[in-house]
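Since the structure comes first, as structure tokens, the remarks are kept for the end.
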Amino acid sequence: MQKSDFGLIGLAVMGQNLVLNVESRGFQVSVYNRTTAVTDQFIADNPGKKLVGAKTLEEFVGSLASPRKIQIMVKAGAPVDAVIDQLVPLLDEGDIIIDGGNSLYTDTERRDEVLSQMGLRFIGAGVSGGEEGALKGPSIMPGGPASTWEVMKPIFESISAKIDGVPCVTHIGPGGAGHYVKMVHNGIEYGDMQLICEAYNIFKAAGFTADEMAKVFTDWNNGELESYLIQITSKIFEEKDAETGKPIIDVIVDKAGQKGTGQWTLENAVENAIVISTINAAVEARILSSKKAQRVAASKELRGPKASITMEKADLIAKVHDALYASKIISYAQGLDLIKTMGEKKNWGLDLSAIARIWRGGCIIRARFLNHITEAYERNSGLVNLVLDPFFKEVLNRTQQNWRDTVALAVTNGIPVPAFSASLGYFDSYRAERLPANLLQAQRDFFGAHTYERLDKPAGQFFHTDWPDVVG
């Protein structure tokens with residue numbers, strides 16, 4: 001019997017679609033699922049394909065050519081460890097295990113260390129694109145030894161999305177680098193989605209119908225805001241509910257879920273002292289949305305202005321467009337700053353240009369302006385912050401008045417725009433030659449003798465004032 005080129009464990013929808021993607025590129029694939037009936041049904045649903053269904057892990061491992069290449073697509077955390085523990089006794093030196101789920105990068109580093117000591121090879125590969133991407137071509141972010149990447153390269157490049165013939169996959173770096181970059185990718189995704197939701201909320205308050213919003217987002221997707229998320233948003237506004245005939249957007253409960261990668265990104269940013277205020281606002285917005293009952297009760301107790309937007313719709317569209325574009329740049333700048341900082345801290349040797357390049361297709365945050373991000377880091381690999389690149393600097397300077405007008409309009413009308421506001425706050429703070437932190441330092445010195453530096457003395461010299469006593 002011919003041995004398979006690739007094996008996959010975990011036949012949920014993502015796993016099934018990845019298998020079909022790999023098989024469609026000319027590879028024979030073995031599959032295993034803990035529930036045998038799922039495996040049997042998957043094989044039965046795909047007759048004539050080069051698929052091998054296994055009823056046991058022993059049978060699965062035995063069906064694979066050496067070195068065995070096994071991708072795990074199960075829930076992050078303990079389930080991944082459980083599958084690895086069951087696999088290890090069945091494998092030979094040099095075999096490769098790939099974790100394609102959304103695992104925490106520190107878990108990936110731990111697994112990599114343990115498995116390498118056993119003579120096995122491990123890849124933590126972030127896979128983005130959802131169910132459709134898994135089937136038609138995702139963006140893949142593999143981490144681990146470069147030598148292991150070379151073995152997997154033919155398969156990963158063949159199944160990934162392609163932009164101008166360039167595969168949306170590259171070797172990210174050693175250890176947990178791949179899953180780390182995927183984690184921050186998801187944080188940026190949180191920011192992107194929240195910013196779009198805030199644009200929608202302003203339009204809704206201004207009396208736009210769902211059909212009008214569908215046209216706005218369709219038009220935007222034909223311009224500099226072109227992206228997967230803008231495109232699907234236009235389709236969402238077009239969709240009508242079969243039961244009521246209303247726009248489907250108007251019957252969906254305003255409570256958002258999350259799986260944890262956004263919170264992991266926040267925790268890591270705090271550990272590295274990097275500001276990701278847009279992503280933070282997006283995560284907090286999801287948390288607040290989940291408190292639906294509290295919000296309904298508070299809406300009856302707490303007063304605010306009744307939204308009354310009288311601006312011409314065309315003018316409002318132009319202003320919100322610029323606010324969205326500028327805030328989106330800030331979200332990516334913050335995420336890339338975090339990736340850059342962590343890469344330097346871990347000596348991962350990350351290539352931000354290559355990372356932006358593989359995000360151009362397949363993944364959820366794919367967007368036209370990722371071409372400009374790629375070019376920015378190609379021009380200057382040591383770019384301190386994306387906002388200082390000539391292209392993005394021009395956009396921010398050009399759009400900022402409309403950005404400010406949009407935030408002011410929302411605040412005046414009591415429309416929550418936490419991500420727009422956080423993005424603008426970051427921009428204004430980052431561009432400020434002086435911030436009020438001098439007062440903060442004085443306060444710290446007053447109550448805790450923490451000392452401060454002086455403008456008229458060399459940097460690195462610290463001083464303390466003998467402050468007066470405060471009574472009471």
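In the structure tokens, chains take the letters A, B, ... in the order shown, each chain's residues start at 1, and ligands count up from 1 in the order shown.
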Which residues, written as a VMD selection string, have at least one atom at most 12 Å from range 61-63 of chain A, with only C-alpha atoms counted and residues fewer than 5 positions away on the same chain left out? chain A and resid 1 to 9 28 to 32 51 to 56 68 to 71 86 to 92 95 to 97
Near Ser381 in chain A, counting only C-alpha atoms, which residues have an atom at most 9 Å away, once you skip same-chain residues fewer than 6 positions from it, shown as a list of chain:residue names?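 That gives A:Asp351, A:Leu352, A:Ser353.
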Selected residues written out with N, CA, C and O atoms, as a short mmCIF file (atom, residue, chain, number, x, y, z; two decimals), in the first residue's frame:
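result03.cif, written as the output of this step:
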data_model
loop_
_atom_site.label_atom_id
_atom_site.label_comp_id
_atom_site.auth_asym_id
_atom_site.auth_seq_id
_atom_site.Cartn_x
_atom_site.Cartn_y
_atom_site.Cartn_z
N ASP A 351 11.18 39.03 10.17
CA ASP A 351 11.18 39.89 8.99
C ASP A 351 9.77 40.48 8.85
O ASP A 351 8.86 39.80 8.37
N LEU A 352 9.58 41.72 9.29
CA LEU A 352 8.24 42.32 9.28
C LEU A 352 7.70 42.49 7.86
O LEU A 352 6.49 42.41 7.63
N SER A 353 8.59 42.71 6.90
CA SER A 353 8.15 42.80 5.51
C SER A 353 7.57 41.47 5.04
O SER A 353 6.52 41.43 4.40
#
Env of range 248-263 of chain A: 6 Å cut, atoms = only C-alpha atoms, seq-sep filter 3 positions within chain, self excluded. Answer as an mmCIF file with C-alpha atoms, in the first residue's frame.
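As written to disk, result26.cif reads:
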data_model
loop_
_atom_site.group_PDB
_atom_site.id
_atom_site.type_symbol
_atom_site.label_atom_id
_atom_site.label_comp_id
_atom_site.auth_asym_id
_atom_site.auth_seq_id
_atom_site.Cartn_x
_atom_site.Cartn_y
_atom_site.Cartn_z
ATOM 1 C CA MET A 183 -1.633 35.630 18.163
ATOM 2 C CA GLY A 187 -5.223 40.982 18.070
ATOM 3 C CA GLU A 239 -28.521 39.768 3.765
ATOM 4 C CA LYS A 240 -32.229 39.547 4.688
ATOM 5 C CA ASP A 241 -33.657 37.318 7.412
ATOM 6 C CA LEU A 266 -2.935 42.358 25.729
ATOM 7 C CA ARG A 286 -16.346 42.750 23.329
ATOM 8 C CA SER A 289 -21.000 43.877 24.840
ATOM 9 C CA SER A 290 -21.300 40.565 26.676
#
DSSP on the backbone: what in range 11-254 of chain A comes out strand (DSSP E or B), as a PyMOL selection string? chain A and resi 29-32+51-53+64+69-72+96-99+121-128+139-143+162-163+166-167+169+173+227+240+247
Counting only C-alpha atoms, the option among A:Val384, A:Ala323, A:Glu131, A:Ile274 closest to Glu198 in chain A: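 For Glu198 in chain A, the nearest of the candidates is A:Ala323.
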